[in-house]
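Next comes coords11.pdb, a file with PDB, C-alpha atoms.
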```pdb
ATOM      1  CA  MET Z   5      74.083  85.817  94.582
ATOM      2  CA  ALA Z   6      71.267  86.666  96.877
ATOM      3  CA  MET Z   7      69.939  85.343 100.132
ATOM      4  CA  ASP Z   8      66.471  85.446 101.610
ATOM      5  CA  SER Z   9      65.988  87.479 104.760
ATOM      6  CA  LYS Z  10      64.069  84.591 106.371
ATOM      7  CA  GLU Z  11      67.108  82.403 105.928
ATOM      8  CA  ILE Z  12      69.334  84.954 107.632
ATOM      9  CA  GLU Z  13      66.921  85.143 110.544
ATOM     10  CA  LYS Z  14      66.759  81.361 110.783
ATOM     11  CA  HIS Z  15      70.547  81.033 110.998
ATOM     12  CA  ILE Z  16      70.840  83.725 113.646
ATOM     13  CA  LYS Z  17      68.059  82.170 115.724
ATOM     14  CA  GLU Z  18      69.697  78.765 115.542
ATOM     15  CA  ALA Z  19      72.761  80.217 117.222
ATOM     16  CA  LEU Z  20      70.836  82.563 119.499
ATOM     17  CA  PRO Z  21      67.429  81.048 120.264
ATOM     18  CA  ASP Z  22      66.385  83.936 122.512
ATOM     19  CA  ALA Z  23      67.270  86.584 119.944
ATOM     20  CA  VAL Z  24      64.905  89.192 118.617
ATOM     21  CA  VAL Z  25      65.975  89.703 115.027
ATOM     22  CA  GLU Z  26      64.881  92.582 112.818
ATOM     23  CA  ILE Z  27      66.020  92.407 109.241
ATOM     24  CA  GLN Z  28      65.733  95.070 106.589
ATOM     25  CA  ASP Z  29      66.459  94.610 102.921
ATOM     26  CA  LEU Z  30      68.208  97.912 102.400
ATOM     27  CA  ALA Z  31      68.331  98.025  98.619
ATOM     28  CA  GLY Z  32      65.500  95.627  97.817
ATOM     29  CA  ASP Z  33      67.946  93.417  95.927
ATOM     30  CA  GLY Z  34      68.312  90.536  98.394
ATOM     31  CA  ASN Z  35      71.959  91.460  98.769
ATOM     32  CA  HIS Z  36      72.219  94.361 101.166
ATOM     33  CA  TYR Z  37      70.627  93.788 104.545
ATOM     34  CA  SER Z  38      70.764  95.224 107.987
ATOM     35  CA  ALA Z  39      70.070  93.097 111.022
ATOM     36  CA  THR Z  40      69.389  94.304 114.521
ATOM     37  CA  VAL Z  41      69.893  91.454 116.934
ATOM     38  CA  THR Z  42      68.904  91.641 120.564
ATOM     39  CA  SER Z  43      69.929  88.781 122.837
ATOM     40  CA  ALA Z  44      70.772  88.130 126.466
ATOM     41  CA  LYS Z  45      73.774  86.100 125.265
ATOM     42  CA  PHE Z  46      75.544  89.335 124.339
ATOM     43  CA  SER Z  47      75.811  90.430 127.932
ATOM     44  CA  GLY Z  48      79.387  90.798 129.145
ATOM     45  CA  LYS Z  49      80.789  90.591 125.607
ATOM     46  CA  ASN Z  50      82.330  93.420 123.644
ATOM     47  CA  LYS Z  51      81.027  94.522 120.246
ATOM     48  CA  ILE Z  52      83.582  92.504 118.314
ATOM     49  CA  GLU Z  53      82.633  89.322 120.156
ATOM     50  CA  GLN Z  54      78.920  90.067 119.699
ATOM     51  CA  HIS Z  55      79.284  90.597 115.957
ATOM     52  CA  LYS Z  56      81.410  87.463 115.666
ATOM     53  CA  ILE Z  57      78.576  85.403 117.176
ATOM     54  CA  VAL Z  58      76.261  86.743 114.468
ATOM     55  CA  TYR Z  59      78.820  86.215 111.688
ATOM     56  CA  ASN Z  60      79.540  82.686 112.894
ATOM     57  CA  SER Z  61      75.831  81.856 112.920
ATOM     58  CA  LEU Z  62      75.806  82.537 109.181
ATOM     59  CA  LYS Z  63      78.385  79.791 108.687
ATOM     60  CA  GLY Z  64      80.647  81.331 106.103
ATOM     61  CA  LYS Z  65      77.823  82.802 104.032
ATOM     62  CA  MET Z  66      78.840  86.290 105.016
ATOM     63  CA  GLY Z  67      81.098  87.723 102.340
ATOM     64  CA  ASN Z  68      79.978  85.025  99.912
ATOM     65  CA  GLU Z  69      76.257  84.481  99.215
ATOM     66  CA  LEU Z  70      75.570  87.378 101.472
ATOM     67  CA  HIS Z  71      77.326  90.444 100.170
ATOM     68  CA  ALA Z  72      76.438  93.004 102.784
ATOM     69  CA  LEU Z  73      74.879  92.697 106.188
ATOM     70  CA  ALA Z  74      75.068  95.648 108.491
ATOM     71  CA  ILE Z  75      74.867  94.380 112.045
ATOM     72  CA  LYS Z  76      73.684  96.099 115.154
ATOM     73  CA  THR Z  77      73.735  94.125 118.377
ATOM     74  CA  LYS Z  78      71.935  94.945 121.600
ATOM     75  CA  GLU Z  79      71.940  93.274 124.967
ATOM     76  CA  ALA Z  80      68.506  92.116 126.026
TER
ATOM     77  CA  MET K  19      97.406  80.996 105.899
ATOM     78  CA  GLU K  20     100.919  81.183 104.511
ATOM     79  CA  GLN K  21     103.510  82.576 106.895
ATOM     80  CA  GLN K  22     104.567  85.133 104.306
ATOM     81  CA  ILE K  23     101.058  86.613 104.154
ATOM     82  CA  LYS K  24     100.781  86.625 107.920
ATOM     83  CA  ASP K  25     104.132  88.438 108.154
ATOM     84  CA  GLN K  26     102.973  90.961 105.595
ATOM     85  CA  ILE K  27      99.785  91.707 107.558
ATOM     86  CA  GLU K  28     101.718  91.896 110.816
ATOM     87  CA  ASN K  29     104.155  94.334 109.226
ATOM     88  CA  GLU K  30     101.339  96.604 108.098
ATOM     89  CA  ILE K  31      99.717  96.769 111.524
ATOM     90  CA  SER K  32     103.065  97.138 113.295
ATOM     91  CA  ASN K  33     104.407  99.867 111.033
ATOM     92  CA  ASN K  34     101.203 101.887 110.893
ATOM     93  CA  GLU K  35      99.623 103.009 114.158
ATOM     94  CA  VAL K  36      96.278 103.344 112.436
ATOM     95  CA  CYS K  37      95.828 100.880 109.629
ATOM     96  CA  LEU K  38      92.663 100.391 107.574
ATOM     97  CA  PHE K  39      92.295  97.335 105.377
ATOM     98  CA  MET K  40      89.899  98.536 102.722
ATOM     99  CA  LYS K  41      88.598  98.186  99.199
ATOM    100  CA  GLY K  42      90.316 100.915  97.221
ATOM    101  CA  THR K  43      92.350 103.738  98.686
ATOM    102  CA  PRO K  44      91.444 106.583 101.073
ATOM    103  CA  GLU K  45      91.533 108.892  98.026
ATOM    104  CA  ALA K  46      89.418 106.564  95.871
ATOM    105  CA  PRO K  47      87.476 104.016  97.935
ATOM    106  CA  GLN K  48      85.849 101.240  95.905
ATOM    107  CA  CYS K  49      83.080 100.376  98.357
ATOM    108  CA  GLY K  50      80.683 102.418 100.461
ATOM    109  CA  PHE K  51      81.603 100.694 103.704
ATOM    110  CA  SER K  52      85.304 101.315 103.174
ATOM    111  CA  MET K  53      84.568 104.906 102.230
ATOM    112  CA  ALA K  54      82.519 105.420 105.389
ATOM    113  CA  VAL K  55      85.312 104.354 107.741
ATOM    114  CA  SER K  56      87.936 106.207 105.738
ATOM    115  CA  ASN K  57      85.837 109.389 105.887
ATOM    116  CA  MET K  58      85.341 109.127 109.655
ATOM    117  CA  LEU K  59      89.111 108.936 110.118
ATOM    118  CA  LYS K  60      89.572 111.874 107.748
ATOM    119  CA  ILE K  61      87.033 113.990 109.649
ATOM    120  CA  LEU K  62      88.945 113.264 112.850
ATOM    121  CA  GLU K  63      92.155 114.154 110.967
ATOM    122  CA  VAL K  64      93.745 110.875 111.910
ATOM    123  CA  ASN K  65      96.876 109.916 110.033
ATOM    124  CA  PHE K  66      96.236 106.429 108.730
ATOM    125  CA  LYS K  67      97.466 103.928 106.225
ATOM    126  CA  GLY K  68      94.922 102.464 103.847
ATOM    127  CA  VAL K  69      95.812  98.986 102.644
ATOM    128  CA  ASN K  70      93.997  98.284  99.387
ATOM    129  CA  ILE K  71      93.046  94.629  99.599
ATOM    130  CA  LEU K  72      91.788  94.659  96.018
ATOM    131  CA  GLU K  73      95.406  94.832  94.910
ATOM    132  CA  ASN K  74      96.346  91.614  96.635
ATOM    133  CA  GLU K  75      94.088  88.571  96.729
ATOM    134  CA  HIS K  76      96.295  86.875  99.360
ATOM    135  CA  ILE K  77      95.917  89.795 101.752
ATOM    136  CA  ARG K  78      92.213  89.973 100.957
ATOM    137  CA  GLN K  79      91.669  86.392 102.119
ATOM    138  CA  GLY K  80      94.426  86.468 104.713
ATOM    139  CA  ILE K  81      93.104  89.430 106.676
ATOM    140  CA  LYS K  82      89.729  87.714 107.137
ATOM    141  CA  GLU K  83      91.456  84.734 108.672
ATOM    142  CA  PHE K  84      93.912  86.866 110.620
ATOM    143  CA  SER K  85      91.161  88.875 112.353
ATOM    144  CA  GLU K  86      88.593  86.057 112.302
ATOM    145  CA  TRP K  87      86.321  88.604 110.677
ATOM    146  CA  PRO K  88      84.577  87.938 107.343
ATOM    147  CA  THR K  89      84.180  91.430 105.962
ATOM    148  CA  ILE K  90      86.150  94.436 104.770
ATOM    149  CA  PRO K  91      86.896  97.162 105.929
ATOM    150  CA  GLN K  92      88.834  96.312 109.069
ATOM    151  CA  LEU K  93      90.367  98.912 111.321
ATOM    152  CA  TYR K  94      93.455  98.336 113.429
ATOM    153  CA  ILE K  95      94.729 100.840 115.972
ATOM    154  CA  LYS K  96      98.127 100.097 117.476
ATOM    155  CA  LYS K  97      97.880  96.474 116.430
ATOM    156  CA  GLU K  98      94.476  96.010 118.007
ATOM    157  CA  PHE K  99      91.480  95.105 115.855
ATOM    158  CA  VAL K 100      88.829  97.741 116.532
ATOM    159  CA  GLY K 101      86.102  96.544 114.187
ATOM    160  CA  GLY K 102      84.455  96.787 110.800
ATOM    161  CA  CYS K 103      82.188  99.479 109.406
ATOM    162  CA  ASP K 104      79.207  98.977 111.737
ATOM    163  CA  ILE K 105      81.214  98.960 114.950
ATOM    164  CA  VAL K 106      83.440 101.877 113.961
ATOM    165  CA  LYS K 107      80.373 103.876 112.950
ATOM    166  CA  GLU K 108      78.670 103.181 116.266
ATOM    167  CA  MET K 109      81.835 104.146 118.119
ATOM    168  CA  TYR K 110      82.210 107.290 116.050
ATOM    169  CA  GLU K 111      78.646 108.348 116.814
ATOM    170  CA  SER K 112      78.899 107.578 120.538
ATOM    171  CA  GLY K 113      82.265 109.299 120.920
ATOM    172  CA  GLU K 114      83.918 106.052 121.895
ATOM    173  CA  LEU K 115      86.262 106.174 118.909
ATOM    174  CA  LYS K 116      87.764 109.409 120.190
ATOM    175  CA  LYS K 117      88.260 107.814 123.593
ATOM    176  CA  ILE K 118      90.174 104.925 122.058
ATOM    177  CA  LEU K 119      92.323 107.281 119.988
ATOM    178  CA  GLU K 120      93.072 109.278 123.102
ATOM    179  CA  LYS K 121      93.852 106.204 125.158
ATOM    180  CA  LYS K 122      96.156 104.891 122.468
ATOM    181  CA  GLN K 123      97.799 108.303 122.124
ATOM    182  CA  ILE K 124      96.934 108.829 118.480
ATOM    183  CA  ASN K 125      96.759 112.438 117.267
ATOM    184  CA  PHE K 126      93.354 113.581 116.075
ATOM    185  CA  LYS K 127      91.196 116.681 115.877
ATOM    186  CA  LYS K 128      89.537 117.031 119.269
TER
END
```
Represent the structure from my file as structure tokens, please.
Amino acid sequence: MAMDSKEIEKHIKEALPDAVVEIQDLAGDGNHYSATVTSAKFSGKNKIEQHKIVYNSLKGKMGNELHALAIKTKEA
Amino acid sequence: MEQQIKDQIENEISNNEVCLFMKGTPEAPQCGFSMAVSNMLKILEVNFKGVNILENEHIRQGIKEFSEWPTIPQLYIKKEFVGGCDIVKEMYESGELKKILEKKQINFKK
């Protein structure tokens, strides 16, 4: 199953409206993406908490429709 | 999650100071992300237990719930969840992984 990169961005921005999201389709197959997410909401949170915010924004799609999403989070 | 599965996961992370839930084994990883974390630990000469989640569907689902983390691999050091592939890689590159190993008194190649 594949997922569109626009859809990933939309989900992340719903959870983090201020976020700057850069998505790359790593293999060109709609299945392996990397997302760099920059948001002020990450401030004061550790990496695990930051990544959980991104995972949670995808509402269970991660590991299912979305096979692989490499995440990099940055504080704005 | 069934108590039995939870106990099994808790046993693994209690009995192994460094425990990696992964697809495949450290000798024969079945996924690039699992291989990446396994290789970082090998380079640092860390003694670790690889738990092959492909051998047990209950553990495979259970560990995601246990850590509240949707992907594999997952690294535990002294019962603490350290992260998945992206975080461990970032920590490896920044030297932070070594700091954690040191702090938690795990032997590794300095």
Selection near K:Gln92, 7 Å with only C-alpha atoms, sequence-local residues under 5 positions removed, as a list in words =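 The filter keeps Leu38, Phe39, Met40, Gly101 and Gly102 of chain K.
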With all atoms listed in the file as the basis for distance, which of Z:Gln54, Z:Glu79, Z:Gly32, Z:Tyr37 is at the shortest distance from Z:Glu11?
-> Z:Tyr37
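Taken over the shown file, the PyMOL selection byres ((chain Z and resi 58) around 10) identifies Ile12, His15, Ile16, Lys17, Ala19, Leu20, Ala39, Val41, Glu53, Gln54, His55, Lys56, Ile57, Tyr59, Asn60, Ser61, Leu62, Lys63, Met66, Ile75, Lys76 and Thr77 of chain Z.
If you look at atom CA of K:Asn65 and atom CA of K:Glu111, they are 19.5 Å away from each other.
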Could you check which of K:Gly42, K:Gly80, K:Gly68, K:Gly50 is closest to chain Z, using only C-alpha atoms?
-> K:Gly50
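Residue nearest chain Z within the list K:Cys49, K:Val100, K:Ile95, K:Leu62: K:Val100 [criterion: smallest interatomic distance, all atoms listed in the file].
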Could you expand the ChimeraX specification (/Z :<8) & /K into the explicit residues it covers here, written as number ranges by chain?
-> K: 87-89, 100-101, 104-105
Write the residues of the selection above to a file with C-alpha atoms, as a PDB file, keeping the file's coordinate frame.
```pdb
ATOM      1  CA  TRP K  87      86.321  88.604 110.677  1.00  0.00           C
ATOM      2  CA  PRO K  88      84.577  87.938 107.343  1.00  0.00           C
ATOM      3  CA  THR K  89      84.180  91.430 105.962  1.00  0.00           C
ATOM      4  CA  VAL K 100      88.829  97.741 116.532  1.00  0.00           C
ATOM      5  CA  GLY K 101      86.102  96.544 114.187  1.00  0.00           C
ATOM      6  CA  ASP K 104      79.207  98.977 111.737  1.00  0.00           C
ATOM      7  CA  ILE K 105      81.214  98.960 114.950  1.00  0.00           C
TER       8      ILE K 105
END
```
For this file, the PyMOL selection byres ((chain K and resi 20-27) around 7) selects which residues, as a PyMOL selection string?
-> chain K and resi 19+28-31+76-77+80
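Put simply, atom CA of K:Val55 is 23.8 Å away from atom CA of Z:Gly34.
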Within 9 Å of stretch 22-25 of chain Z, counting only C-alpha atoms, which residues show up once you throw out same-chain ones fewer than 6 positions away? Write them as a ChimeraX atom specification, please.
-> /Z:13,16,39-45,80
Which polymer residues, whether protein, DNA or RNA, lie within 7 Å of the coordinate (86.1, 103.3, 99.9) when you count all atoms listed in the file? List them as a JSON list (two decimals) with C-alpha atoms, in the coordinates of the input, using the chain letters and numbers from the file.
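Generated file (result_17.json):
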```json
[["chain", "number", "residue", "atom", "x", "y", "z"],
["K", 40, "MET", "CA", 89.90, 98.54, 102.72],
["K", 41, "LYS", "CA", 88.60, 98.19, 99.20],
["K", 42, "GLY", "CA", 90.32, 100.92, 97.22],
["K", 43, "THR", "CA", 92.35, 103.74, 98.69],
["K", 44, "PRO", "CA", 91.44, 106.58, 101.07],
["K", 46, "ALA", "CA", 89.42, 106.56, 95.87],
["K", 47, "PRO", "CA", 87.48, 104.02, 97.94],
["K", 48, "GLN", "CA", 85.85, 101.24, 95.90],
["K", 49, "CYS", "CA", 83.08, 100.38, 98.36],
["K", 50, "GLY", "CA", 80.68, 102.42, 100.46],
["K", 51, "PHE", "CA", 81.60, 100.69, 103.70],
["K", 52, "SER", "CA", 85.30, 101.32, 103.17],
["K", 53, "MET", "CA", 84.57, 104.91, 102.23],
["K", 54, "ALA", "CA", 82.52, 105.42, 105.39],
["K", 56, "SER", "CA", 87.94, 106.21, 105.74]]
```
Which value, in Å to one decimal, gives the distance between atom CA of K:Lys117 and atom CA of K:Ile71?
->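 Pair atom CA of K:Lys117 / atom CA of K:Ile71 returns 27.8 Å.
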Exercise: residues within 6 Å of coordinate (94.6, 102.2, 110.7), counting all atoms listed in the file, as a list in words |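 Answer for this query, in the requested form: Val36, Cys37, Leu38, Phe66, Lys67, Leu93, Tyr94 and Ile95 of chain K.
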Give the centre and edge lengths of an axis-aligned box, in Å to one decimal, that holds all listed atoms of stretch 104-107 of chain K with 5 Å on each side, as lines of an AutoDock Vina configuration file.
```
center_x = 81.3
center_y = 101.4
center_z = 113.3
size_x = 14.2
size_y = 14.9
size_z = 13.2
```
